[in-house]
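S.K.: For reference, this is start-v3.txt, and it has compact mmCIF, C-alpha atoms and all ligand atoms.
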# COMPACT_ATOMS: atom_id res chain seq x y z
CA MET A 1 0.00 0.00 0.00
CA GLY A 2 1.45 3.36 -0.96
CA ASP A 3 1.73 5.97 1.79
CA THR A 4 -0.28 8.53 -0.16
CA ASN A 5 -3.32 6.31 0.26
CA ILE A 6 -3.43 6.96 4.01
CA ILE A 7 -5.21 10.22 4.79
CA LYS A 8 -6.01 11.88 8.11
CA LEU A 9 -9.66 13.00 8.25
CA ALA A 10 -11.86 14.73 10.81
CA VAL A 11 -14.75 12.51 11.91
CA PRO A 12 -17.49 14.77 10.41
CA LYS A 13 -15.86 14.28 7.00
CA LEU A 14 -16.21 10.52 7.08
CA ARG A 15 -18.44 8.79 4.52
CA LEU A 16 -19.84 5.29 4.14
CA GLY A 17 -17.37 2.91 2.54
CA MET A 18 -14.22 4.56 3.87
CA PHE A 19 -11.69 2.20 5.41
CA ILE A 20 -10.35 3.29 8.80
CA THR A 21 -6.85 2.07 9.64
CA ALA A 22 -6.25 4.04 12.85
CA ILE A 23 -8.06 6.38 15.22
CA ASP A 24 -6.85 9.36 17.22
CA LYS A 25 -8.43 9.44 20.65
CA ALA A 26 -7.35 12.40 22.77
CA GLY A 27 -3.92 12.46 21.14
CA LYS A 28 -3.43 8.70 21.51
CA LEU A 29 -3.41 6.49 18.48
CA ASN A 30 -5.05 3.17 18.20
CA ILE A 31 -5.08 0.77 15.31
CA SER A 32 -6.45 -2.27 17.02
CA LYS A 33 -9.71 -2.38 15.03
CA PRO A 34 -9.25 -1.36 11.41
CA GLY A 35 -12.37 -1.68 9.29
CA GLN A 36 -14.83 -0.22 6.85
CA ILE A 37 -17.57 2.27 7.74
CA LYS A 38 -20.75 0.36 7.02
CA SER A 39 -23.41 2.62 8.53
CA HIS A 40 -24.01 6.17 9.75
CA ASP A 41 -24.15 4.68 13.22
CA ASP A 42 -20.46 3.75 12.92
CA ILE A 43 -19.64 7.42 12.36
CA LYS A 44 -21.89 8.53 15.23
CA LYS A 45 -20.22 6.03 17.55
CA LEU A 46 -16.80 7.46 16.72
CA ALA A 47 -17.99 11.03 17.36
CA THR A 48 -19.65 10.18 20.67
CA SER A 49 -16.63 8.30 21.97
CA GLY A 50 -14.50 11.43 21.80
CA ILE A 51 -12.62 10.67 18.59
CA ASN A 52 -11.80 13.71 16.50
CA HIS A 53 -9.60 12.31 13.74
CA VAL A 54 -9.05 9.00 12.03
CA TRP A 55 -6.70 7.70 9.37
CA VAL A 56 -8.42 6.40 6.28
CA ASP A 57 -6.87 4.11 3.69
CA ALA A 58 -8.12 5.22 0.28
CA ALA A 59 -6.87 2.05 -1.39
CA ARG A 60 -9.10 -0.11 0.81
CA SER A 61 -12.10 2.21 0.71
CA THR A 62 -14.98 1.77 -1.75
CA ASP A 63 -14.79 3.71 -5.02
CA ASN A 64 -17.87 5.82 -4.34
CA CYS A 65 -16.82 7.30 -1.00
CA GLY A 66 -15.23 10.33 -2.61
CA LEU A 67 -11.55 9.56 -1.97
CA ILE A 68 -8.99 9.65 -4.73
CA LYS A 69 -6.80 6.60 -4.74
CA SER A 70 -3.16 7.26 -5.29
CA THR A 71 -2.91 4.29 -7.62
CA SER A 72 -4.47 6.53 -10.29
CA LEU A 73 -1.52 8.88 -9.90
CA ARG A 74 0.90 6.03 -9.85
CA ALA A 75 -0.50 4.67 -13.09
CA ILE A 76 1.11 7.61 -14.89
CA LYS A 77 4.55 6.52 -13.79
CA PRO A 78 6.14 3.95 -16.07
CA LYS A 79 7.53 1.96 -13.10
CA LYS A 80 6.58 -1.72 -13.49
CA PRO A 81 5.54 -3.73 -11.65
CA THR A 82 4.53 -1.57 -8.69
CA ARG A 83 5.04 -2.83 -5.18
CA GLU A 84 1.27 -3.23 -4.88
CA GLN A 85 1.14 -5.45 -7.95
CA GLY A 86 4.16 -7.39 -6.79
CA GLN A 87 2.70 -7.85 -3.34
CA GLU A 88 -0.66 -8.92 -4.73
CA LYS A 89 1.10 -11.48 -6.89
CA ALA A 90 3.23 -12.69 -3.99
CA LYS A 91 0.10 -12.97 -1.82
CA ARG A 92 -1.69 -15.05 -4.45
CA LEU A 93 1.36 -17.26 -4.83
CA MET A 94 1.63 -17.69 -1.08
CA ALA A 95 -2.05 -18.71 -0.90
CA GLU A 96 -1.59 -21.16 -3.77
CA ALA A 97 1.52 -22.58 -2.14
CA LYS A 98 -0.22 -22.96 1.19
CA GLY A 99 -3.11 -24.83 -0.43
CA LEU A 100 -0.79 -27.18 -2.22
CA VAL A 101 1.42 -27.86 0.78
CA GLN A 102 -1.65 -28.37 2.97
CA LYS A 103 -2.94 -30.92 0.47
CA VAL A 104 0.30 -32.86 0.31
CA LEU A 105 0.65 -32.82 4.07
CA SER A 106 -2.75 -34.39 4.59
CA GLU A 107 -2.30 -36.86 1.72
CA THR A 108 1.07 -37.97 3.02
CA PHE A 109 -0.49 -38.29 6.45
CA GLU A 110 -3.03 -40.66 4.92
CA GLY A 111 -0.16 -42.68 3.48
CA LYS A 112 -0.35 -41.55 -0.14
CA ALA A 113 2.88 -41.12 -2.11
CA ILE A 114 3.98 -37.57 -2.90
CA GLU A 115 3.41 -36.40 -6.45
CA VAL A 116 6.32 -34.17 -7.39
CA ALA A 117 5.02 -32.47 -10.57
CA PRO A 118 2.68 -29.90 -8.91
CA PHE A 119 5.58 -28.76 -6.74
CA GLU A 120 7.75 -28.21 -9.77
CA ASP A 121 5.07 -25.89 -11.20
CA LEU A 122 4.86 -24.06 -7.90
CA ALA A 123 8.67 -23.81 -7.79
CA ASP A 124 8.62 -22.27 -11.29
CA ASN A 125 6.18 -19.62 -10.11
CA MET A 126 8.28 -18.93 -7.03
CA ILE A 127 11.37 -18.38 -9.16
CA GLU A 128 9.44 -16.02 -11.47
CA SER A 129 8.26 -14.07 -8.46
CA VAL A 130 11.77 -13.78 -6.98
CA MET A 131 13.21 -12.76 -10.36
CA LEU A 132 10.49 -10.16 -10.91
CA ASP A 133 10.29 -8.55 -7.50
CA ALA A 134 11.95 -10.31 -4.57
CA ASP A 135 11.08 -7.35 -2.31
CA ALA A 136 7.34 -7.91 -2.66
CA PHE A 137 7.71 -11.39 -1.26
CA LYS A 138 9.91 -10.17 1.58
CA CYS A 139 7.09 -7.86 2.70
CA ILE A 140 4.50 -10.62 2.53
CA SER A 141 6.83 -12.82 4.52
CA ALA A 142 7.17 -10.14 7.22
CA LEU A 143 3.40 -10.27 7.60
CA ARG A 144 2.95 -13.95 8.09
CA SER A 145 0.71 -15.18 10.82
CA LYS A 146 1.70 -16.95 14.00
CA ASP A 147 -0.42 -19.98 13.26
CA ALA A 148 0.11 -22.32 10.33
CA TYR A 149 3.79 -22.22 11.22
CA LEU A 150 4.82 -25.42 9.50
CA LEU A 151 3.09 -24.38 6.30
CA GLU A 152 4.57 -20.92 6.17
CA HIS A 153 7.99 -22.06 7.32
CA SER A 154 8.18 -24.57 4.45
CA ILE A 155 7.20 -21.98 1.87
CA ASN A 156 9.51 -19.38 3.32
CA VAL A 157 12.45 -21.78 3.34
CA ALA A 158 11.74 -22.47 -0.33
CA PHE A 159 11.70 -18.76 -1.18
CA LEU A 160 14.85 -18.09 0.83
CA LEU A 161 16.64 -20.96 -0.90
CA VAL A 162 15.70 -19.57 -4.32
CA THR A 163 16.81 -16.07 -3.29
CA PHE A 164 20.09 -17.40 -1.87
CA GLY A 165 20.65 -19.66 -4.90
CA LYS A 166 20.05 -16.77 -7.27
CA TYR A 167 22.57 -14.70 -5.31
CA LEU A 168 25.10 -17.55 -5.66
CA ASN A 169 24.46 -17.62 -9.44
CA LEU A 170 23.10 -21.15 -9.46
CA GLN A 171 21.37 -22.44 -12.58
CA ARG A 172 17.62 -22.10 -12.94
CA GLU A 173 17.12 -25.87 -12.70
CA GLU A 174 19.07 -25.89 -9.43
CA LEU A 175 16.84 -23.09 -8.09
CA LYS A 176 13.78 -25.10 -9.02
CA GLN A 177 14.99 -28.20 -7.23
CA LEU A 178 16.00 -26.12 -4.21
CA ALA A 179 12.45 -24.71 -4.05
CA VAL A 180 10.88 -28.17 -4.26
CA GLY A 181 13.23 -29.37 -1.51
CA GLY A 182 12.38 -26.33 0.63
CA ILE A 183 8.64 -26.94 0.36
CA LEU A 184 9.06 -30.58 1.35
CA HIS A 185 11.93 -30.24 3.80
CA ASP A 186 9.89 -30.81 6.97
CA ILE A 187 7.45 -33.33 5.49
CA GLY A 188 8.45 -35.82 8.21
CA LYS A 189 6.85 -33.57 10.83
CA ILE A 190 3.39 -34.79 9.87
CA LYS A 191 4.27 -38.01 11.69
CA VAL A 192 5.52 -36.26 14.81
CA ASP A 193 3.18 -36.29 17.80
CA ASN A 194 1.04 -33.14 17.64
CA LYS A 195 1.59 -32.45 21.32
CA VAL A 196 5.34 -32.15 20.69
CA LEU A 197 4.98 -30.42 17.31
CA HIS A 198 2.71 -27.69 18.66
CA LYS A 199 4.14 -27.43 22.16
CA PRO A 200 4.08 -23.75 23.14
CA GLY A 201 7.53 -23.66 24.69
CA LYS A 202 10.94 -25.28 24.89
CA LEU A 203 11.05 -29.04 24.35
CA THR A 204 12.30 -31.39 27.06
CA PRO A 205 15.27 -33.61 26.04
CA GLU A 206 12.84 -36.53 25.48
CA GLU A 207 10.52 -34.40 23.38
CA PHE A 208 13.48 -33.14 21.36
CA GLU A 209 14.52 -36.73 20.65
CA HIS A 210 10.99 -37.38 19.44
CA MET A 211 11.06 -34.25 17.28
CA LYS A 212 14.34 -35.42 15.70
CA LEU A 213 12.45 -38.43 14.43
CA HIS A 214 10.89 -36.19 11.77
CA GLN A 215 14.03 -36.76 9.75
CA VAL A 216 13.76 -40.55 10.11
CA TYR A 217 10.16 -40.30 8.92
CA ALA A 218 11.30 -38.03 6.09
CA GLN A 219 13.72 -40.72 4.90
CA GLN A 220 10.89 -43.26 4.86
CA ILE A 221 8.53 -40.92 3.01
CA LEU A 222 11.15 -39.90 0.44
CA ALA A 223 12.12 -43.53 -0.15
CA GLU A 224 8.60 -44.01 -1.49
CA THR A 225 8.67 -40.82 -3.56
CA SER A 226 9.73 -41.12 -7.17
CA GLY A 227 10.84 -38.27 -9.39
CA LEU A 228 12.40 -36.21 -6.62
CA SER A 229 15.82 -34.83 -7.61
CA LYS A 230 19.05 -35.31 -5.69
CA ILE A 231 19.14 -31.58 -4.92
CA SER A 232 15.63 -31.64 -3.40
CA ARG A 233 16.56 -34.73 -1.41
CA ASP A 234 19.69 -33.04 -0.06
CA VAL A 235 17.60 -30.10 1.18
CA CYS A 236 15.08 -32.43 2.83
CA LEU A 237 17.55 -34.77 4.45
CA MET A 238 20.55 -32.58 5.29
CA HIS A 239 19.01 -29.52 6.91
CA HIS A 240 19.72 -30.83 10.41
CA GLU A 241 23.17 -32.24 9.70
CA LYS A 242 26.26 -30.43 11.02
CA LEU A 243 29.71 -30.10 9.47
CA ASP A 244 31.33 -31.69 12.55
CA GLY A 245 29.17 -34.80 12.16
CA LYS A 246 27.03 -34.13 15.24
CA GLY A 247 23.80 -33.53 13.37
CA TYR A 248 20.97 -35.89 12.42
CA PRO A 249 19.60 -38.15 11.00
CA ASN A 250 22.82 -39.60 9.54
CA GLY A 251 25.64 -37.70 11.28
CA LEU A 252 27.10 -36.68 7.91
CA GLU A 253 30.42 -34.87 8.10
CA GLY A 254 32.35 -32.22 6.14
CA ASP A 255 32.34 -32.89 2.40
CA GLU A 256 29.46 -35.33 2.75
CA LEU A 257 27.28 -32.25 3.15
CA THR A 258 26.62 -30.84 -0.32
CA LEU A 259 26.30 -27.14 -1.13
CA TYR A 260 22.49 -27.52 -1.23
CA GLY A 261 22.49 -29.28 2.12
CA ARG A 262 24.67 -26.57 3.67
CA MET A 263 22.45 -23.84 2.27
CA SER A 264 19.37 -25.51 3.73
CA CYS A 265 20.92 -25.68 7.22
CA ILE A 266 21.50 -21.91 7.20
CA VAL A 267 18.12 -20.97 5.72
CA ASP A 268 16.17 -23.29 8.04
CA ILE A 269 17.71 -21.81 11.19
CA PHE A 270 17.42 -18.22 9.94
CA ASP A 271 13.73 -18.60 9.17
CA ALA A 272 12.99 -20.28 12.51
CA LEU A 273 14.76 -17.48 14.41
CA THR A 274 13.07 -14.61 12.56
CA ALA A 275 9.55 -16.09 12.67
CA THR A 276 7.05 -15.12 15.35
CA ARG A 277 5.46 -18.09 17.04
CA CYS A 278 2.91 -18.01 19.79
CA TYR A 279 5.52 -18.71 22.46
CA LYS A 280 8.50 -16.78 21.20
CA GLU A 281 9.41 -13.39 19.90
CA ALA A 282 10.75 -12.98 16.40
CA MET A 283 14.37 -11.96 16.18
CA SER A 284 15.57 -9.15 13.97
CA PRO A 285 17.63 -10.38 10.99
CA ALA A 286 20.73 -8.79 12.51
CA ALA A 287 20.30 -10.76 15.76
CA ALA A 288 19.69 -13.96 13.77
CA PHE A 289 22.89 -13.38 11.76
CA LYS A 290 24.86 -13.22 15.01
CA ILE A 291 23.52 -16.62 16.01
CA LEU A 292 24.26 -18.10 12.58
CA LEU A 293 27.85 -16.86 12.86
CA SER A 294 28.15 -18.34 16.35
CA LEU A 295 27.30 -21.72 14.82
CA THR A 296 30.28 -21.61 12.47
CA PRO A 297 32.53 -23.39 11.66
CA PHE A 298 31.47 -26.54 13.53
CA HIS A 299 27.82 -26.59 12.60
CA LEU A 300 27.44 -24.23 9.63
CA ASP A 301 29.71 -23.38 6.69
CA GLN A 302 31.26 -20.04 7.61
CA LYS A 303 31.93 -18.77 4.09
CA LEU A 304 28.38 -19.61 3.11
CA VAL A 305 26.92 -17.85 6.19
CA TYR A 306 28.77 -14.67 5.18
CA GLU A 307 27.38 -15.03 1.65
CA PHE A 308 23.90 -15.50 3.09
CA ILE A 309 24.21 -12.34 5.19
CA ARG A 310 25.31 -10.41 2.11
CA CYS A 311 22.43 -11.90 0.16
CA VAL A 312 19.68 -11.08 2.67
CA GLY A 313 21.25 -7.80 3.77
CA ILE A 314 21.59 -6.55 7.30
CA TYR A 315 18.36 -4.50 6.94
CA PRO A 316 16.29 -6.47 4.41
CA VAL A 317 13.27 -5.01 2.69
CA GLY A 318 10.22 -5.56 4.90
CA SER A 319 12.19 -5.49 8.15
CA LEU A 320 11.85 -2.79 10.80
CA VAL A 321 14.56 -0.32 11.83
CA GLN A 322 14.89 2.46 14.35
CA LEU A 323 16.25 5.80 13.15
CA SER A 324 18.56 8.15 15.05
CA ASP A 325 15.58 10.46 15.79
CA GLY A 326 13.62 7.62 17.43
CA ARG A 327 11.31 6.96 14.50
CA ILE A 328 10.48 3.46 13.36
CA GLY A 329 10.35 2.60 9.69
CA ILE A 330 9.81 -0.33 7.41
CA VAL A 331 12.71 -0.85 4.99
CA TRP A 332 10.82 -0.12 1.79
CA ASP A 333 13.29 -0.04 -1.07
CA ALA A 334 16.94 -0.97 -1.18
CA LYS A 335 17.52 -1.52 -4.88
CA GLY A 336 20.81 -0.12 -6.14
CA ARG A 337 21.79 1.18 -2.69
CA ASP A 338 24.30 0.24 -0.04
CA ALA A 339 22.93 -1.62 2.97
CA LEU A 340 22.91 1.40 5.29
CA HIS A 341 20.92 3.78 3.06
CA PRO A 342 17.59 2.27 2.00
CA ILE A 343 14.31 4.16 1.59
CA LEU A 344 12.17 3.83 4.73
CA LYS A 345 8.48 4.14 5.36
CA CYS A 346 8.23 5.71 8.81
CA PHE A 347 5.05 5.56 10.87
CA TYR A 348 5.86 5.59 14.59
CA SER A 349 8.13 7.23 17.12
CA VAL A 350 9.44 5.22 20.05
CA LYS A 351 10.69 8.45 21.59
CA HIS A 352 7.21 9.99 21.70
CA LYS A 353 5.38 6.67 21.92
CA ARG A 354 2.96 7.71 19.20
CA TYR A 355 2.26 7.30 15.52
CA THR A 356 3.74 9.89 13.22
CA GLU A 357 2.61 11.00 9.83
CA VAL A 358 3.47 8.24 7.37
CA THR A 359 6.62 9.51 5.66
CA MET A 360 9.01 8.07 3.11
CA ILE A 361 12.60 8.86 4.06
CA ASP A 362 15.44 8.39 1.60
CA LEU A 363 18.51 7.87 3.77
CA LEU A 364 20.77 8.87 0.88
CA LYS A 365 19.19 12.34 1.10
CA SER A 366 18.85 12.59 4.88
CA ASP A 367 21.09 13.28 7.86
CA LEU A 368 19.31 10.56 9.80
CA ASN A 369 20.81 7.14 10.10
CA ILE A 370 19.72 3.67 11.15
CA GLU A 371 20.41 3.02 14.81
CA ARG A 372 19.39 -0.64 14.87
CA GLY A 373 17.21 -3.30 13.36
CA ILE A 374 14.25 -4.19 15.55
CA SER A 375 11.94 -7.17 15.75
CA PRO A 376 8.21 -6.59 15.19
CA SER A 377 7.39 -8.14 18.55
CA SER A 378 9.58 -5.70 20.46
CA LEU A 379 7.46 -2.84 19.15
CA GLU A 380 4.46 -1.81 21.31
CA VAL A 381 2.31 -1.24 18.21
CA ASP A 382 1.40 -3.37 15.24
CA PRO A 383 3.23 -2.35 12.04
CA THR A 384 0.99 -4.52 9.83
CA PRO A 385 -1.31 -1.76 8.46
CA PHE A 386 1.68 0.11 7.06
CA TYR A 387 2.89 -2.65 4.75
FE FE A 401 13.45 -29.91 10.04
Give the structure from this file in structure tokens form.
M.R.:
Amino acid sequence: MGDTNIIKLAVPKLRLGMFITAIDKAGKLNISKPGQIKSHDDIKKLATSGINHVWVDAARSTDNCGLIKSTSLRAIKPKKPTREQGQEKAKRLMAEAKGLVQKVLSETFEGKAIEVAPFEDLADNMIESVMLDADAFKCISALRSKDAYLLEHSINVAFLLVTFGKYLNLQREELKQLAVGGILHDIGKIKVDNKVLHKPGKLTPEEFEHMKLHQVYAQQILAETSGLSKISRDVCLMHHEKLDGKGYPNGLEGDELTLYGRMSCIVDIFDALTATRCYKEAMSPAAAFKILLSLTPFHLDQKLVYEFIRCVGIYPVGSLVQLSDGRIGIVWDAKGRDALHPILKCFYSVKHKRYTEVTMIDLLKSDLNIERGISPSSLEVDPTPFY
């Protein structure tokens, strides 16, 4: 959503069909209940509860409510595809991927063999999407929900593997097989006891041993799967192996771990650390990189971890940062820039503990600088409406 679509309006100016994203109550901002104005009563309720101003999103409002959507302005610009289009496409792809993964999870649970072809089509679409506009996907990924973790983790690992593989100049066919492997990498978890799989907290040593079995199950499932490439198999079966031979399920060591296997170890841990789950806070990418580096060289391939950090970037698009003036922004555009000077979409001030006007800040043209990357869960407000 472009920033110019968010407009501050006095309550008497509200019309049916407008979409409210935030309200201003006695100087305090609240975005807990965004939604459309469906009746005149909704407007009255706002007025009688002491609300003077609200923020309205023109893009999500109905066409007849009198607001001009900034997409009409944007249409004049030759920039293609826009972030909105990219994000829409990424959202559709994510939904399609979820449906497909959900289907294969339940079919495998019922004992059916995995059919590889639909995943290859999905992998093709993922590669197209990364080639076209990797940033759009990064923003969608920053918005993922806390539930459906396994589903979203699998899809995210696939996207990260394609992004990483592209950065390493791998061939298109390799990218495709990496994506298929990423989608299927935790397939063995469908046979793990649900109580352990969904436990809201740290696993006991016994539970962890049980969880490790997902890789034994994966070996059994993949043994019955035909048409799955060696690359996809490496991703599925090596993502818990360690270079020093202390990983599982096979305790592979050093050169036994292929490039694809090593990549999957890094990507799997990174995604788990940066995801929000009901029992744990998401880490900022920078904090996750520190942990990845601490796992080298015994567990992870050090050279490859450095490449991964360069690939993702210390402040990736879609992540949150705090500026030197206390404002919080979403990293919005980093194309053709060095890592420290992206374009930010700022919406909140931690110094004043309040929302600010939504502003795009180009750090190449500003005296401000990024103080630190922050995790969404450490912020007292929800950044979601500003994506
Ligand atoms: Fe796993």
S.K.: Using all atoms listed in the file, find the one residue out of A:Ile127, A:Ile20, A:Met94, A:Ile309 that sits nearest to A:Glu173.
M.R.: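 Going through A:Ile127, A:Ile20, A:Met94, A:Ile309 one by one, the smallest distance to A:Glu173 is for A:Ile127.
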S.K.: Pick out the closest residue to ligand FE 401 (chain A) from this set: A:Lys345, A:Lys25, A:Lys44, A:His185. Count only C-alpha atoms and all ligand atoms.
M.R.: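 Of all the options, A:His185 lies closest to ligand FE 401 (chain A).
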S.K.: Atom CA of A:Asp382 and atom CA of A:Met131, how far apart in Å?
M.R.: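 Distance reported for this atom pair: 29.7 Å.
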S.K.: Any residue with an atom at most 9 Å from ligand FE 401 (chain A) counts, using only C-alpha atoms and all ligand atoms. Which are they? Put them as a PyMOL selection string.
M.R.: chain A and resi 185-189+211-212+214-215+236-240+268
S.K.: Got a sec: who's within 9 Å of A:Asn156, counting all atoms listed in the file, leaving out chain neighbours fewer than 2 positions off, as a list in words?
M.R.: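 Answer for this query is Ser141, Leu151, Glu152, His153, Ser154, Ala158, Phe159, Leu160, Leu161, Gly182, Ile183 and Asp271 of chain A.
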S.K.: Generate a file of the selected residues that holds C-alpha atoms, formatted as a PDB file, in the frame of the given file.
M.R.:
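For reference, result.pdb as written:
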ATOM      1  CA  SER A 141       6.830 -12.820   4.520  1.00  0.00           C
ATOM      2  CA  LEU A 151       3.090 -24.380   6.300  1.00  0.00           C
ATOM      3  CA  GLU A 152       4.570 -20.920   6.170  1.00  0.00           C
ATOM      4  CA  HIS A 153       7.990 -22.060   7.320  1.00  0.00           C
ATOM      5  CA  SER A 154       8.180 -24.570   4.450  1.00  0.00           C
ATOM      6  CA  ALA A 158      11.740 -22.470  -0.330  1.00  0.00           C
ATOM      7  CA  PHE A 159      11.700 -18.760  -1.180  1.00  0.00           C
ATOM      8  CA  LEU A 160      14.850 -18.090   0.830  1.00  0.00           C
ATOM      9  CA  LEU A 161      16.640 -20.960  -0.900  1.00  0.00           C
ATOM     10  CA  GLY A 182      12.380 -26.330   0.630  1.00  0.00           C
ATOM     11  CA  ILE A 183       8.640 -26.940   0.360  1.00  0.00           C
ATOM     12  CA  ASP A 271      13.730 -18.600   9.170  1.00  0.00           C
TER      13      ASP A 271
END
S.K.: Tell me, as a list in words, which residues lie within 9 Å of A:Tyr306, counting all atoms listed in the file; anything in the same chain fewer than 4 positions away does not count.
M.R.: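 After dropping sequence-adjacent residues, the list is Phe289, Leu293, Asp301, Gln302, Arg310 and Cys311 of chain A.
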S.K.: Find the residues around A:Pro12 up to 12 Å (only C-alpha atoms counted), leave out those fewer than 2 positions away in its own chain, and share them as a PDB file with C-alpha atoms, in the coordinates of the input.
M.R.:
ATOM      1  CA  LEU A   9      -9.660  13.000   8.250  1.00  0.00           C
ATOM      2  CA  ALA A  10     -11.860  14.730  10.810  1.00  0.00           C
ATOM      3  CA  LEU A  14     -16.210  10.520   7.080  1.00  0.00           C
ATOM      4  CA  ARG A  15     -18.440   8.790   4.520  1.00  0.00           C
ATOM      5  CA  LEU A  16     -19.840   5.290   4.140  1.00  0.00           C
ATOM      6  CA  HIS A  40     -24.010   6.170   9.750  1.00  0.00           C
ATOM      7  CA  ASP A  42     -20.460   3.750  12.920  1.00  0.00           C
ATOM      8  CA  ILE A  43     -19.640   7.420  12.360  1.00  0.00           C
ATOM      9  CA  LYS A  44     -21.890   8.530  15.230  1.00  0.00           C
ATOM     10  CA  LYS A  45     -20.220   6.030  17.550  1.00  0.00           C
ATOM     11  CA  LEU A  46     -16.800   7.460  16.720  1.00  0.00           C
ATOM     12  CA  ALA A  47     -17.990  11.030  17.360  1.00  0.00           C
ATOM     13  CA  THR A  48     -19.650  10.180  20.670  1.00  0.00           C
ATOM     14  CA  ILE A  51     -12.620  10.670  18.590  1.00  0.00           C
ATOM     15  CA  ASN A  52     -11.800  13.710  16.500  1.00  0.00           C
ATOM     16  CA  HIS A  53      -9.600  12.310  13.740  1.00  0.00           C
ATOM     17  CA  VAL A  54      -9.050   9.000  12.030  1.00  0.00           C
TER      18      VAL A  54
END
